[in-house]
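Here's the structure we're looking at; comments come further down.
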Amino acid sequence: MGQINLSNLKKTAYFVKRNGIKSACYEIKERLEQRKQPPYVWTPPPPDLLEAQRYNARETGLDIRFSVVVPTYRTPERCLRELADSLLAQSYPYWELILADATEDDSVSGAAETYDDPRIRYVPLENNGGISENTNRALELAAGDYVGLLDHDDVLTADALYEMACRIKAEYGAGREPQLLYSDEDKCNSDMTAFYEPNYKEDFNLDLLLCNNYICHFMVMKRELIQRLGLRKEYDGAQDYDLALRAADALAHREQDILHIPRVLYHWRCHSGSTAENPWSKGYAYDAGRRALQSFADKRKWQAKAVDLAHPGFYRLEYGRSPLRIREDLAAVGGRLVSGGRITGGRMRADGSVLYGGLPAAYSGYLHRAILQQDAEALDLRCMELRESLRGLFTEVTGLRYITLPGTERFDGSTLPKDADPVEISLRLSAALRTAGYRLLYMPEY
């Protein structure tokens with residue numbers, strides 16, 4: 001994962017300055033171990049598959065229309081052409097590309113006007129209002145059913161819009177109307193000859209989003225929703241994160257309408273000035289992200305403070321006291337179990353397997369997720385605090401009394417019967433709590 005180059009050396013030096021030598025040593029060791037993993041290979045969809053998708057789009061009633069909105073400013077001609085060409089290469093035909101250009105000269109307009117496809121709309125802006133305001137101007141012109149956001153130097157895979165349209169249509173067929181969709185993504189070098197660092201995402205996970213904009217690219221939103229929310233200028237640099245947070249808030253009671261498509265549909269181009277290549281190149285963006293998170297917490301009236309974590313662009317809400325006393329949506333808070341320096345328990349899947357199981361406790365894991373707060377399908381009751389009003393349900397489900405560790409509200413795992421299976425009990429309890437309509441919060445630092 002990564003190479004020894006000037007960029008990575010700069011990242012390491014900054015990490016040492018920010019977090020200390022000990023943390024940096026663990027970081028370097030973890031990255032070296034990650035480099036032993038098989039290399040990532042992105043394989044473009046084959047031509048015969050794309051042709052089949054084109055046929056299906058024409059013949060099977062796929063009629064979802066997309067507006068892809070791109071604010072441009074001094075965009076290099078090569079990047080602009082590769083972006084536009086990635087739209088023209090789409091196997092799905094029902095789209096428009098809106099280029100909202102604030103460039104002072106004709107460097108962008110000259111390239112854009114060479115395209116004679118009416119789906120490519122070049123819109124000159126009278127002045128440069130910044131990325132959020134420029135995007136908002138383009139959003140006003142969007143006519144599609146859904147709007148996708150694309151950075152001016154990135155590209156979509158040829159099947160991106162087809163995959164989105166198919167998922168939306170399937171949801172419509174089931175009587176649902178998706179409001180926000182997002183895909184997996186990867187990074188590519190400046191000339192798009194190498195692809196690396198794939199971001200394989202989770203299905204919607206609110207508390208993970210409250211730590212990092214894991215939704216990121218490629219994000220598509222119902223036109224009415226994104227036009228109503230708009231982008232906020234005061235969060236320029238983290239405007240997409242702020243938008244995702246506000247969309248999640250607006251859809252608080254419709255989280256089933258936030259959908260993840262587990263396919264890489266977006267290539268995030270890296271160059272020396274981008275946050276993808278140099279995470280510390282735009283410190284103002286991380287400040288804006290933290291402020292956007294604080295705005296979310298304040299709107300929910302949570303007594304919590306948004307703070308930066310060791311890695312730029314990653315945050316944590318610090319509640320000061322038990323989140324169960326602050327958030328009504330939580331049934332339980334759980335931490336991690338560590339044995340022999342490695343994680344052995346904590347957040348679990350429905351089959352009882354432990355997420356991050358076996359990972360050294362000092363490591364941050366894939367995309368740092370092992371150290372982030374996140375919603376859990378199941379929590380290990382041996383490191384759990386349960387909402388007091390639900391302790392009757394605890395006894396009903398487990399047949400046990402909720403006995404706390406002295407001086408805390410956490411369950412005392414030592415009181416479990418010797419023949420009890422803590423994983424099986426934890427799974428039953430967690431399922432009952434989620435069925436009751438609550439969220440389970442995994443806090444690795446708990």
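Labels used: A, B, ... for chains in the order of the structure tokens, numbers from 1 for residues in each chain, and numbers from 1 for ligands as shown.
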- request: Could you please write out, as a PyMOL selection string, every residue of segment 43-194 of chain A that DSSP assigns to alpha helix (DSSP H)?
  value: chain A and resi 47-59+77-88+107-112+131-141+160-173
- request: Could you please write out, as a PyMOL selection string, every residue of segment 210-430 of chain A that DSSP assigns to strand (DSSP E)?
  value: chain A and resi 219-222+258-269+305-308+315-318+330-334+337-339+342-345+347-348+374-375+378-379+384-386
Since we have the selection now, will you write its residues out, keeping C-alpha atoms, as an mmCIF file, in the first residue's frame?
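Once everything was written out, this is result_25.cif:
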```
data_model
loop_
_atom_site.group_PDB
_atom_site.id
_atom_site.type_symbol
_atom_site.label_atom_id
_atom_site.label_comp_id
_atom_site.auth_asym_id
_atom_site.auth_seq_id
_atom_site.Cartn_x
_atom_site.Cartn_y
_atom_site.Cartn_z
ATOM 1 C CA MET A 219 -22.559 9.913 -4.791
ATOM 2 C CA VAL A 220 -25.919 10.267 -6.532
ATOM 3 C CA MET A 221 -28.889 11.984 -4.939
ATOM 4 C CA LYS A 222 -32.541 12.502 -5.794
ATOM 5 C CA ILE A 258 -29.664 5.307 1.342
ATOM 6 C CA LEU A 259 -28.107 2.593 -0.812
ATOM 7 C CA HIS A 260 -24.598 1.307 -1.389
ATOM 8 C CA ILE A 261 -23.585 -0.216 -4.725
ATOM 9 C CA PRO A 262 -20.591 -2.467 -3.973
ATOM 10 C CA ARG A 263 -18.720 -1.838 -7.213
ATOM 11 C CA VAL A 264 -15.870 0.528 -8.069
ATOM 12 C CA LEU A 265 -17.569 3.101 -10.296
ATOM 13 C CA TYR A 266 -15.323 6.112 -9.724
ATOM 14 C CA HIS A 267 -11.624 6.832 -10.210
ATOM 15 C CA TRP A 268 -10.226 9.558 -7.960
ATOM 16 C CA ARG A 269 -7.241 11.094 -9.714
ATOM 17 C CA LYS A 305 -17.586 17.839 20.587
ATOM 18 C CA ALA A 306 -16.130 17.002 17.171
ATOM 19 C CA VAL A 307 -12.380 16.413 17.390
ATOM 20 C CA ASP A 308 -9.659 15.437 14.913
ATOM 21 C CA TYR A 315 -12.939 12.636 13.373
ATOM 22 C CA ARG A 316 -14.636 11.542 16.571
ATOM 23 C CA LEU A 317 -17.559 12.832 18.556
ATOM 24 C CA GLU A 318 -16.552 13.073 22.198
ATOM 25 C CA LEU A 330 -28.847 4.069 21.055
ATOM 26 C CA ALA A 331 -29.607 0.866 22.913
ATOM 27 C CA ALA A 332 -26.045 -0.010 23.835
ATOM 28 C CA VAL A 333 -22.446 1.082 23.580
ATOM 29 C CA GLY A 334 -19.725 -1.502 23.265
ATOM 30 C CA LEU A 337 -11.820 -7.095 23.724
ATOM 31 C CA VAL A 338 -8.055 -7.453 23.456
ATOM 32 C CA SER A 339 -5.990 -10.525 24.263
ATOM 33 C CA ARG A 342 -4.755 -8.399 19.380
ATOM 34 C CA ILE A 343 -8.464 -7.700 19.010
ATOM 35 C CA THR A 344 -10.574 -10.710 19.962
ATOM 36 C CA GLY A 345 -14.027 -9.228 20.438
ATOM 37 C CA ARG A 347 -18.163 -5.447 16.902
ATOM 38 C CA MET A 348 -19.526 -8.670 15.399
ATOM 39 C CA GLN A 374 -19.506 2.883 13.994
ATOM 40 C CA ASP A 375 -22.901 1.236 14.032
ATOM 41 C CA ALA A 378 -23.929 -7.018 17.078
ATOM 42 C CA LEU A 379 -21.871 -6.120 20.148
ATOM 43 C CA MET A 384 -21.143 -3.456 26.720
ATOM 44 C CA GLU A 385 -23.163 -0.808 28.501
ATOM 45 C CA LEU A 386 -26.915 -1.174 28.027
#
```
statement: For Ala112 of chain A, the closest of A:Asp159, A:Glu77, A:Glu140, A:Asp191 counting only C-alpha atoms is A:Glu77
field: Selection: 12 Å around Ala158 of chain A, only C-alpha atoms, excl. self and same-chain fewer than 6 positions, as a VMD selection string
entry: chain A and resid 43 to 47 49 to 51 53 to 54 82 to 93 164 264 to 267
Please write the residues from the selection above to a file, keeping N, CA, C and O atoms, as a JSON list (two decimals), in the first residue's frame.
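This went into selection_18.json:
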```json
[["chain", "number", "residue", "atom", "x", "y", "z"],
["A", 43, "THR", "N", -10.08, -3.96, -13.26],
["A", 43, "THR", "CA", -10.34, -4.47, -14.61],
["A", 43, "THR", "C", -11.55, -3.76, -15.18],
["A", 43, "THR", "O", -12.64, -3.84, -14.62],
["A", 44, "PRO", "N", -11.38, -3.03, -16.26],
["A", 44, "PRO", "CA", -12.54, -2.32, -16.84],
["A", 44, "PRO", "C", -13.57, -3.30, -17.35],
["A", 44, "PRO", "O", -13.25, -4.43, -17.72],
["A", 45, "PRO", "N", -14.84, -2.90, -17.36],
["A", 45, "PRO", "CA", -15.87, -3.79, -17.88],
["A", 45, "PRO", "C", -15.59, -4.09, -19.35],
["A", 45, "PRO", "O", -15.28, -3.18, -20.13],
["A", 46, "PRO", "N", -15.68, -5.36, -19.77],
["A", 46, "PRO", "CA", -15.36, -5.73, -21.15],
["A", 46, "PRO", "C", -16.36, -5.15, -22.14],
["A", 46, "PRO", "O", -17.51, -4.89, -21.80],
["A", 47, "PRO", "N", -15.94, -4.94, -23.37],
["A", 47, "PRO", "CA", -16.82, -4.34, -24.39],
["A", 47, "PRO", "C", -18.13, -5.08, -24.59],
["A", 47, "PRO", "O", -19.17, -4.45, -24.79],
["A", 49, "LEU", "N", -19.85, -6.75, -22.42],
["A", 49, "LEU", "CA", -20.74, -6.46, -21.31],
["A", 49, "LEU", "C", -21.35, -5.07, -21.48],
["A", 49, "LEU", "O", -22.55, -4.87, -21.26],
["A", 50, "LEU", "N", -20.53, -4.10, -21.87],
["A", 50, "LEU", "CA", -21.03, -2.75, -22.06],
["A", 50, "LEU", "C", -22.07, -2.71, -23.18],
["A", 50, "LEU", "O", -23.08, -2.00, -23.07],
["A", 51, "GLU", "N", -21.84, -3.49, -24.22],
["A", 51, "GLU", "CA", -22.82, -3.53, -25.31],
["A", 51, "GLU", "C", -24.13, -4.14, -24.84],
["A", 51, "GLU", "O", -25.22, -3.68, -25.21],
["A", 53, "GLN", "N", -25.25, -3.99, -21.84],
["A", 53, "GLN", "CA", -25.88, -2.97, -21.00],
["A", 53, "GLN", "C", -26.57, -1.91, -21.85],
["A", 53, "GLN", "O", -27.68, -1.46, -21.52],
["A", 54, "ARG", "N", -25.94, -1.52, -22.94],
["A", 54, "ARG", "CA", -26.57, -0.55, -23.84],
["A", 54, "ARG", "C", -27.89, -1.11, -24.38],
["A", 54, "ARG", "O", -28.90, -0.39, -24.45],
["A", 82, "GLU", "N", -10.84, 13.87, -20.55],
["A", 82, "GLU", "CA", -10.99, 12.52, -20.00],
["A", 82, "GLU", "C", -12.27, 12.41, -19.19],
["A", 82, "GLU", "O", -12.94, 11.36, -19.22],
["A", 83, "LEU", "N", -12.63, 13.48, -18.50],
["A", 83, "LEU", "CA", -13.90, 13.48, -17.76],
["A", 83, "LEU", "C", -15.08, 13.36, -18.73],
["A", 83, "LEU", "O", -15.94, 12.50, -18.57],
["A", 84, "ALA", "N", -15.11, 14.24, -19.73],
["A", 84, "ALA", "CA", -16.22, 14.21, -20.70],
["A", 84, "ALA", "C", -16.25, 12.89, -21.45],
["A", 84, "ALA", "O", -17.34, 12.32, -21.68],
["A", 85, "ASP", "N", -15.09, 12.38, -21.81],
["A", 85, "ASP", "CA", -15.05, 11.11, -22.54],
["A", 85, "ASP", "C", -15.58, 9.96, -21.69],
["A", 85, "ASP", "O", -16.16, 9.00, -22.21],
["A", 86, "SER", "N", -15.38, 10.06, -20.37],
["A", 86, "SER", "CA", -15.90, 9.00, -19.50],
["A", 86, "SER", "C", -17.42, 9.01, -19.46],
["A", 86, "SER", "O", -18.05, 7.97, -19.24],
["A", 87, "LEU", "N", -18.03, 10.18, -19.69],
["A", 87, "LEU", "CA", -19.49, 10.23, -19.82],
["A", 87, "LEU", "C", -19.93, 9.71, -21.17],
["A", 87, "LEU", "O", -20.90, 8.94, -21.27],
["A", 88, "LEU", "N", -19.23, 10.10, -22.22],
["A", 88, "LEU", "CA", -19.58, 9.63, -23.57],
["A", 88, "LEU", "C", -19.41, 8.12, -23.69],
["A", 88, "LEU", "O", -20.07, 7.49, -24.52],
["A", 89, "ALA", "N", -18.55, 7.54, -22.88],
["A", 89, "ALA", "CA", -18.32, 6.10, -22.93],
["A", 89, "ALA", "C", -19.33, 5.31, -22.11],
["A", 89, "ALA", "O", -19.30, 4.07, -22.11],
["A", 90, "GLN", "N", -20.24, 5.99, -21.42],
["A", 90, "GLN", "CA", -21.21, 5.29, -20.58],
["A", 90, "GLN", "C", -22.07, 4.34, -21.39],
["A", 90, "GLN", "O", -22.53, 4.66, -22.48],
["A", 91, "SER", "N", -22.29, 3.16, -20.83],
["A", 91, "SER", "CA", -23.19, 2.20, -21.48],
["A", 91, "SER", "C", -24.64, 2.60, -21.30],
["A", 91, "SER", "O", -25.53, 2.06, -21.95],
["A", 92, "TYR", "N", -24.88, 3.55, -20.42],
["A", 92, "TYR", "CA", -26.24, 4.04, -20.16],
["A", 92, "TYR", "C", -26.38, 5.41, -20.80],
["A", 92, "TYR", "O", -25.57, 6.32, -20.53],
["A", 93, "PRO", "N", -27.38, 5.62, -21.65],
["A", 93, "PRO", "CA", -27.41, 6.83, -22.48],
["A", 93, "PRO", "C", -28.13, 8.04, -21.91],
["A", 93, "PRO", "O", -28.00, 9.13, -22.46],
["A", 164, "MET", "N", -26.11, 2.37, -11.44],
["A", 164, "MET", "CA", -27.00, 3.20, -10.63],
["A", 164, "MET", "C", -28.45, 3.06, -11.10],
["A", 164, "MET", "O", -29.37, 2.89, -10.29],
["A", 264, "VAL", "N", -16.68, -0.66, -7.80],
["A", 264, "VAL", "CA", -15.87, 0.53, -8.07],
["A", 264, "VAL", "C", -16.40, 1.19, -9.33],
["A", 264, "VAL", "O", -16.30, 0.64, -10.43],
["A", 265, "LEU", "N", -16.98, 2.38, -9.16],
["A", 265, "LEU", "CA", -17.57, 3.10, -10.30],
["A", 265, "LEU", "C", -16.93, 4.47, -10.49],
["A", 265, "LEU", "O", -17.36, 5.23, -11.36],
["A", 266, "TYR", "N", -15.91, 4.77, -9.71],
["A", 266, "TYR", "CA", -15.32, 6.11, -9.72],
["A", 266, "TYR", "C", -13.82, 6.01, -9.53],
["A", 266, "TYR", "O", -13.34, 5.30, -8.64],
["A", 267, "HIS", "N", -13.08, 6.73, -10.35],
["A", 267, "HIS", "CA", -11.62, 6.83, -10.21],
["A", 267, "HIS", "C", -11.26, 8.23, -9.73],
["A", 267, "HIS", "O", -11.56, 9.23, -10.40]]
```
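One distance worth recording is that between atom CA of Tyr319 of chain A and atom CA of Leu231 of chain A, which is 27.5 Å.
Minimum atom-to-atom distance to Thr72 of chain A, evaluated using only C-alpha atoms, belongs to A:Ala138 out of A:Ala170, A:Ala138, A:Ala160, A:Leu206.
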- request: In Å, rounded to a single decimal, give me how far atom CA of Pro71 of chain A is from atom CA of Asn128 of chain A.
  value: 10.1 Å
- request: Excluding Val108 of chain A and residues on its chain fewer than 3 positions from it, collect all residues at most 10 Å away from it, counting only C-alpha atoms, and give them as an NGL selection string.
  value: :A and (72-77 or 80-81 or 99 or 101-105 or 111-113 or 122 or 124)
Using N, CA and C atoms, can you write the selected residues to a file as a PDB file, in the first residue's frame?
```pdb
ATOM      1  N   THR A  72     -16.163  23.634 -12.813  1.00  0.00           N
ATOM      2  CA  THR A  72     -14.810  23.668 -13.373  1.00  0.00           C
ATOM      3  C   THR A  72     -14.176  25.027 -13.106  1.00  0.00           C
ATOM      4  N   TYR A  73     -12.865  24.991 -12.903  1.00  0.00           N
ATOM      5  CA  TYR A  73     -12.109  26.228 -12.721  1.00  0.00           C
ATOM      6  C   TYR A  73     -10.657  25.942 -13.096  1.00  0.00           C
ATOM      7  N   ARG A  74     -10.239  26.533 -14.203  1.00  0.00           N
ATOM      8  CA  ARG A  74      -8.879  26.326 -14.707  1.00  0.00           C
ATOM      9  C   ARG A  74      -8.550  24.839 -14.841  1.00  0.00           C
ATOM     10  N   THR A  75      -9.530  24.078 -15.230  1.00  0.00           N
ATOM     11  CA  THR A  75      -9.346  22.634 -15.386  1.00  0.00           C
ATOM     12  C   THR A  75      -8.414  22.358 -16.558  1.00  0.00           C
ATOM     13  N   PRO A  76      -7.342  21.578 -16.372  1.00  0.00           N
ATOM     14  CA  PRO A  76      -6.466  21.239 -17.499  1.00  0.00           C
ATOM     15  C   PRO A  76      -7.269  20.563 -18.616  1.00  0.00           C
ATOM     16  N   GLU A  77      -6.949  20.900 -19.844  1.00  0.00           N
ATOM     17  CA  GLU A  77      -7.722  20.369 -20.970  1.00  0.00           C
ATOM     18  C   GLU A  77      -7.730  18.845 -20.975  1.00  0.00           C
ATOM     19  N   LEU A  80     -10.234  17.622 -18.460  1.00  0.00           N
ATOM     20  CA  LEU A  80     -11.601  17.898 -18.891  1.00  0.00           C
ATOM     21  C   LEU A  80     -12.040  16.909 -19.964  1.00  0.00           C
ATOM     22  N   ARG A  81     -11.154  16.635 -20.913  1.00  0.00           N
ATOM     23  CA  ARG A  81     -11.510  15.709 -21.993  1.00  0.00           C
ATOM     24  C   ARG A  81     -11.690  14.287 -21.458  1.00  0.00           C
ATOM     25  N   LEU A  99     -21.317  21.439 -17.070  1.00  0.00           N
ATOM     26  CA  LEU A  99     -20.019  22.012 -16.729  1.00  0.00           C
ATOM     27  C   LEU A  99     -20.237  23.478 -16.356  1.00  0.00           C
ATOM     28  N   ASP A 101     -18.596  26.647 -15.354  1.00  0.00           N
ATOM     29  CA  ASP A 101     -17.209  27.088 -15.467  1.00  0.00           C
ATOM     30  C   ASP A 101     -17.017  28.520 -14.978  1.00  0.00           C
ATOM     31  N   ALA A 102     -16.095  28.682 -14.020  1.00  0.00           N
ATOM     32  CA  ALA A 102     -15.773  30.003 -13.490  1.00  0.00           C
ATOM     33  C   ALA A 102     -14.400  30.481 -13.941  1.00  0.00           C
ATOM     34  N   THR A 103     -13.813  29.812 -14.919  1.00  0.00           N
ATOM     35  CA  THR A 103     -12.484  30.188 -15.410  1.00  0.00           C
ATOM     36  C   THR A 103     -12.540  31.553 -16.111  1.00  0.00           C
ATOM     37  N   GLU A 104     -11.533  32.384 -15.868  1.00  0.00           N
ATOM     38  CA  GLU A 104     -11.548  33.738 -16.402  1.00  0.00           C
ATOM     39  C   GLU A 104     -11.305  33.784 -17.903  1.00  0.00           C
ATOM     40  N   ASP A 105     -10.553  32.815 -18.443  1.00  0.00           N
ATOM     41  CA  ASP A 105     -10.253  32.824 -19.875  1.00  0.00           C
ATOM     42  C   ASP A 105     -11.052  31.741 -20.582  1.00  0.00           C
ATOM     43  N   ALA A 111     -12.210  23.893 -24.961  1.00  0.00           N
ATOM     44  CA  ALA A 111     -12.233  22.428 -25.015  1.00  0.00           C
ATOM     45  C   ALA A 111     -13.663  21.906 -24.966  1.00  0.00           C
ATOM     46  N   ALA A 112     -14.499  22.504 -24.108  1.00  0.00           N
ATOM     47  CA  ALA A 112     -15.871  22.024 -23.969  1.00  0.00           C
ATOM     48  C   ALA A 112     -16.668  22.195 -25.254  1.00  0.00           C
ATOM     49  N   GLU A 113     -16.425  23.269 -25.949  1.00  0.00           N
ATOM     50  CA  GLU A 113     -17.212  23.559 -27.143  1.00  0.00           C
ATOM     51  C   GLU A 113     -16.842  22.699 -28.340  1.00  0.00           C
ATOM     52  N   TYR A 122     -22.277  23.272 -21.477  1.00  0.00           N
ATOM     53  CA  TYR A 122     -21.276  24.179 -20.920  1.00  0.00           C
ATOM     54  C   TYR A 122     -21.979  25.452 -20.451  1.00  0.00           C
ATOM     55  N   PRO A 124     -21.128  29.038 -18.693  1.00  0.00           N
ATOM     56  CA  PRO A 124     -20.160  30.006 -18.150  1.00  0.00           C
ATOM     57  C   PRO A 124     -20.758  30.760 -16.958  1.00  0.00           C
TER      58      PRO A 124
END
```
message: Let me make sure I understand: among A:Ile98, A:Cys166, A:Leu429, A:Val155, which one has the smallest atom-to-atom distance to Arg137 of chain A if we use only C-alpha atoms?
response: A:Ile98
